[in-house]
Amino acid sequence: MNAETLRGLVSADPFHPFTLRLTNNRVIRVPHRSFVTISGDGRSLTIFGTGATDTIETILISNCEVDGGKSPA
């Protein structure tokens with residue numbers, strides 16, 4: 001997934017929670033923009049959760065779905 005699409009999801013106003021599916025079929029939900037940050041070069045993002053932090057290379061994101069079944073444009 002490209003960084004521009006992810007930045008659009010994070011900065012959307014109003015924000016809509018979204019779910020990332022990784023190439024290993026792992027699923028990560030982003031409930032609010034304050035739970036995610038994207039690196040300056042767009043190659044990775046860090047997702048903060050309750051007691052856990054995940055840093056993921058954007059190339060490993062195979063799909064993204066906005067809650068409610070919408071796919072980002």
# chains A, B, ... in the order shown; residues from 1 in each chain; ligands from 1
>>> residues_around(residues="segment 35-37 of chain A", least_positions_apart="5", cutoff="12 Å", atoms="only C-alpha atoms", output="ChimeraX atom specification")
/A:3,6-7,9-11,15,17-20,28-30,42-56,58
>>> select_by_dssp(residues="chain A", states="alpha helix (DSSP H)", output="list in words")
Ala3, Glu4, Thr5, Leu6, Arg7, Gly8, Leu9, Val10 and Ser11 of chain A
>>> closest_residue(among="A:Gly8, A:Ser39, A:Pro31, A:Asn2", to="Ile61 of chain A", atoms="only C-alpha atoms")
A:Asn2
>>> atom_distance(atom1="atom CA of Glu57 of chain A", atom2="atom CA of Asn25 of chain A")
14.4 Å
>>> closest_residue(among="A:Leu60, A:Val66, A:Met1, A:Ile38", to="Leu22 of chain A", atoms="only C-alpha atoms")
A:Leu60
>>> atom_distance(atom1="atom CA of Ser34 of chain A", atom2="atom CA of Ser62 of chain A")
22.3 Å
>>> atom_distance(atom1="atom CA of Thr23 of chain A", atom2="atom CA of Asp67 of chain A")
19.5 Å
>>> closest_residue(among="A:Arg21, A:Asn63, A:Glu4, A:Ala12", to="Arg33 of chain A", atoms="only C-alpha atoms")
A:Ala12
